[in-house]
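**Q** So that we are looking at the same thing, I have put the structure below in structure tokens.
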Amino acid sequence: MAERSWGGTKLADRRAARRQALLDTAERLAGEEGCAAVTVRSVCRRARLTDRYFYESFAGRDELLLAAFERVADEARRALEEAVAVSAPQPEVRARAAVAAFVALVLDAPHKGRLLLLEPFADPALGAHSHRLMPVFTDLVGGQLAGTGDGIDRRMAAHALVGGLASLFAGWLHGTLDVPRERLEAHCVQLVLAATSPRD
């Protein structure tokens with residue numbers, strides 16, 4: 001039986017569009033006003049949808065917020081993977097490409113950066129989820145640390161590098177680290193290079 005359409009669009013497509021609108025709204029609200037601003041009512045009002053349509057996609061506010069966070073985290077992961085995949089193999093080239101890709105995501109779209117790096121400190125559910133996602137990024141970084149010690153050294157270096165870079169970007173977004181963007185990028189590249197340099 002063919003799926004019924006309304007106004008030229010199928011039900012599944014309309015549901016997907018509504019879910020996308022809710023995610024976009026939650027991402028923007030959390031990144032601009034903080035997670036406390038994300039409620040079922042506020043999201044529905046800004047997305048111009050009723051709560052009936054909210055609950056067809058999400059069980060509640062926390063599920064929506066976590067889905068928005070996961071979407072940004074996945075975007076960051078893909079940006080880093082693609083930057084490394086298409087860059088030349090030289091460590092400095094890869095470091096610059098990876099840093100530039102992350103900067104483009106979290107600084108050029110600061111609401112995404114704030115949701116990814118700042119809001120986990122403000123929302124317990126988001127904070128716990130952020131810790132569960134950490135291995136995704138440490139594994140990605142650890143894969144670039146071949147030749148820098150044994151497996152334990154690489155894991156510790158990856159954790160230190162991811163944590164340090166996240167802290168730098170968070171400080172810049174929060175306004176507590178008042179440095180030119182170019183200096184921030186250059187410093188991050190130097191940190192990456194120091195971590196990926198082979199040890200004697």
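Chain labels A, B, ... are given in the sequence in which chains occur in the structure tokens; within each chain residues are numbered consecutively from 1, and ligands are likewise numbered from 1 in the order shown.
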Could you pull the residues within 6 Å of region 73-86 of chain A, counting only C-alpha atoms, minus those fewer than 5 positions along the same chain, as a PyMOL selection string?
**A** chain A and resi 94+97-98+101
**Q** Deliver the residues from the most recent selection as a file, using all heavy atoms, as a PDB file, in the first residue's frame.
**A**
ATOM      1  N   ARG A  94      48.965  17.778   8.665  1.00  0.00           N
ATOM      2  CA  ARG A  94      47.803  17.138   9.279  1.00  0.00           C
ATOM      3  C   ARG A  94      47.346  17.908  10.512  1.00  0.00           C
ATOM      4  O   ARG A  94      46.150  18.060  10.754  1.00  0.00           O
ATOM      5  CB  ARG A  94      48.131  15.696   9.648  1.00  0.00           C
ATOM      6  CG  ARG A  94      48.156  14.769   8.450  1.00  0.00           C
ATOM      7  CD  ARG A  94      48.160  13.317   8.869  1.00  0.00           C
ATOM      8  NE  ARG A  94      47.872  12.455   7.738  1.00  0.00           N
ATOM      9  CZ  ARG A  94      47.743  11.157   7.818  1.00  0.00           C
ATOM     10  NH1 ARG A  94      47.860  10.553   8.988  1.00  0.00           N
ATOM     11  NH2 ARG A  94      47.478  10.430   6.750  1.00  0.00           N
ATOM     12  N   ALA A  97      45.527  21.006   9.435  1.00  0.00           N
ATOM     13  CA  ALA A  97      44.228  20.670   8.851  1.00  0.00           C
ATOM     14  C   ALA A  97      43.217  20.306   9.931  1.00  0.00           C
ATOM     15  O   ALA A  97      42.058  20.736   9.893  1.00  0.00           O
ATOM     16  CB  ALA A  97      44.383  19.511   7.869  1.00  0.00           C
ATOM     17  N   ALA A  98      43.652  19.502  10.903  1.00  0.00           N
ATOM     18  CA  ALA A  98      42.743  19.086  11.971  1.00  0.00           C
ATOM     19  C   ALA A  98      42.317  20.266  12.829  1.00  0.00           C
ATOM     20  O   ALA A  98      41.128  20.431  13.148  1.00  0.00           O
ATOM     21  CB  ALA A  98      43.415  18.017  12.836  1.00  0.00           C
ATOM     22  N   ALA A 101      39.914  22.506  10.921  1.00  0.00           N
ATOM     23  CA  ALA A 101      38.577  21.921  10.811  1.00  0.00           C
ATOM     24  C   ALA A 101      37.791  22.094  12.099  1.00  0.00           C
ATOM     25  O   ALA A 101      36.594  22.427  12.078  1.00  0.00           O
ATOM     26  CB  ALA A 101      38.692  20.434  10.463  1.00  0.00           C
TER      27      ALA A 101
END
**Q** Can you pull out the residues contacting region 114-121 of chain A? Cut-off 6 Å, using only C-alpha atoms, and skip same-chain residues under 5 positions away; I want them as a list of chain:residue names.
**A**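 With the cut-off at 6 Å, the set is A:Gly31, A:Leu126, A:Gly127, A:Ala170.
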**Q** Need to verify the contact set: Arg96 (chain A), 12 Å, only C-alpha atoms, exclusion of same-chain residues closer than 2 positions in sequence. Can you return it as a ChimeraX atom specification?
**A** /A:80,83-84,87-94,98-104,182,184-193
**Q** Would you list the contacts of Leu49 (chain A) as number ranges by chain, taking every protein, DNA or RNA residue within 12 Å and counting only C-alpha atoms, but skipping same-chain residues closer than 2 positions in sequence?
**A** A: 15, 17-22, 25, 40-47, 51-57
**Q** Just want the 9 Å neighbourhood of Ala36 (chain A), counted on only C-alpha atoms, with same-chain residues fewer than 5 positions away dropped. Output as a PyMOL selection string.
**A** chain A and resi 30+122-123
**Q** Selection from above, N, CA, C and O atoms, as a PDB file, in the first residue's frame, can you write it?
**A**
ATOM      1  N   ALA A  30      20.402  25.986  23.203  1.00  0.00           N
ATOM      2  CA  ALA A  30      21.414  25.560  24.170  1.00  0.00           C
ATOM      3  C   ALA A  30      22.724  26.294  23.959  1.00  0.00           C
ATOM      4  O   ALA A  30      23.398  26.675  24.919  1.00  0.00           O
ATOM      5  N   ALA A 122      27.295  22.545  32.668  1.00  0.00           N
ATOM      6  CA  ALA A 122      26.103  23.140  33.256  1.00  0.00           C
ATOM      7  C   ALA A 122      24.950  22.164  33.406  1.00  0.00           C
ATOM      8  O   ALA A 122      24.045  22.390  34.213  1.00  0.00           O
ATOM      9  N   ASP A 123      24.951  21.094  32.624  1.00  0.00           N
ATOM     10  CA  ASP A 123      23.847  20.152  32.629  1.00  0.00           C
ATOM     11  C   ASP A 123      24.378  18.761  32.976  1.00  0.00           C
ATOM     12  O   ASP A 123      25.188  18.213  32.233  1.00  0.00           O
TER      13      ASP A 123
END
**Q** With DSSP run on the backbone, what are the strand (DSSP E or B) residues within chain A? I'd like them as an mmCIF file with C-alpha atoms, in the first residue's frame.
**A**
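New file selection-v7.cif:
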data_model
loop_
_atom_site.group_PDB
_atom_site.id
_atom_site.type_symbol
_atom_site.label_atom_id
_atom_site.label_comp_id
_atom_site.auth_asym_id
_atom_site.auth_seq_id
_atom_site.Cartn_x
_atom_site.Cartn_y
_atom_site.Cartn_z
ATOM 1 C CA SER A 5 0.984 12.199 0.988
ATOM 2 C CA TRP A 6 -0.167 15.632 2.043
ATOM 3 C CA THR A 9 5.130 15.296 0.879
ATOM 4 C CA LYS A 10 4.920 11.916 2.587
#
**Q** So, counting only C-alpha atoms, which residue among A:Leu140, A:Asp150, A:Ala166, A:Leu133 is closest to Arg71 (chain A)?
**A**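 Checking each of A:Leu140, A:Asp150, A:Ala166, A:Leu133 against Arg71 (chain A), counting only C-alpha atoms, the winner is A:Leu133.
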**Q** How far is it from CA of Ala195 (chain A) to CA of Arg181 (chain A), in Å with one decimal?
**A** 21.4 Å
**Q** State, in Å with one decimal place, the distance from CA of Ala125 (chain A) to CA of Glu70 (chain A).
**A**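 Interatomic distance here is 12.4 Å.
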**Q** When you look at Val162 (chain A) with a cut-off of 9 Å (counting only C-alpha atoms), what residues show up, excluding the ones that are within fewer than 2 positions of it in the same chain? I need them as a PyMOL selection string.
**A** chain A and resi 134+137-138+141+157-160+164-167
**Q** Go through A:Leu105, A:His111, A:Ile152, A:Ala68 and flag the residue nearest Gly34 (chain A), using only C-alpha atoms for the distances.
**A**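 Once distances to Gly34 (chain A) are computed over only C-alpha atoms, the minimum belongs to A:His111.
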**Q** For the structure I just gave you, how does DSSP split chain A - specifically, which residues are helix (DSSP H, G or I)? Reply as JSON, numbers by chain.
**A** {"A": [11, 12, 13, 14, 15, 16, 17, 18, 19, 20, 21, 22, 23, 24, 25, 26, 27, 28, 29, 30, 31, 32, 33, 35, 36, 37, 40, 41, 42, 43, 44, 45, 46, 47, 51, 52, 53, 54, 55, 61, 62, 63, 64, 65, 66, 67, 68, 69, 70, 71, 72, 73, 74, 75, 76, 77, 78, 79, 80, 81, 82, 83, 84, 85, 86, 91, 92, 93, 94, 95, 96, 97, 98, 99, 100, 101, 102, 103, 104, 105, 106, 110, 111, 112, 113, 114, 115, 116, 117, 119, 120, 121, 124, 125, 126, 127, 128, 129, 130, 131, 132, 133, 134, 135, 136, 137, 138, 139, 140, 141, 142, 151, 152, 153, 154, 155, 156, 157, 158, 159, 160, 161, 162, 163, 164, 165, 166, 167, 168, 169, 170, 171, 172, 173, 174, 181, 182, 183, 184, 185, 186, 187, 188, 189, 190, 191, 192, 193, 194, 195, 196]}
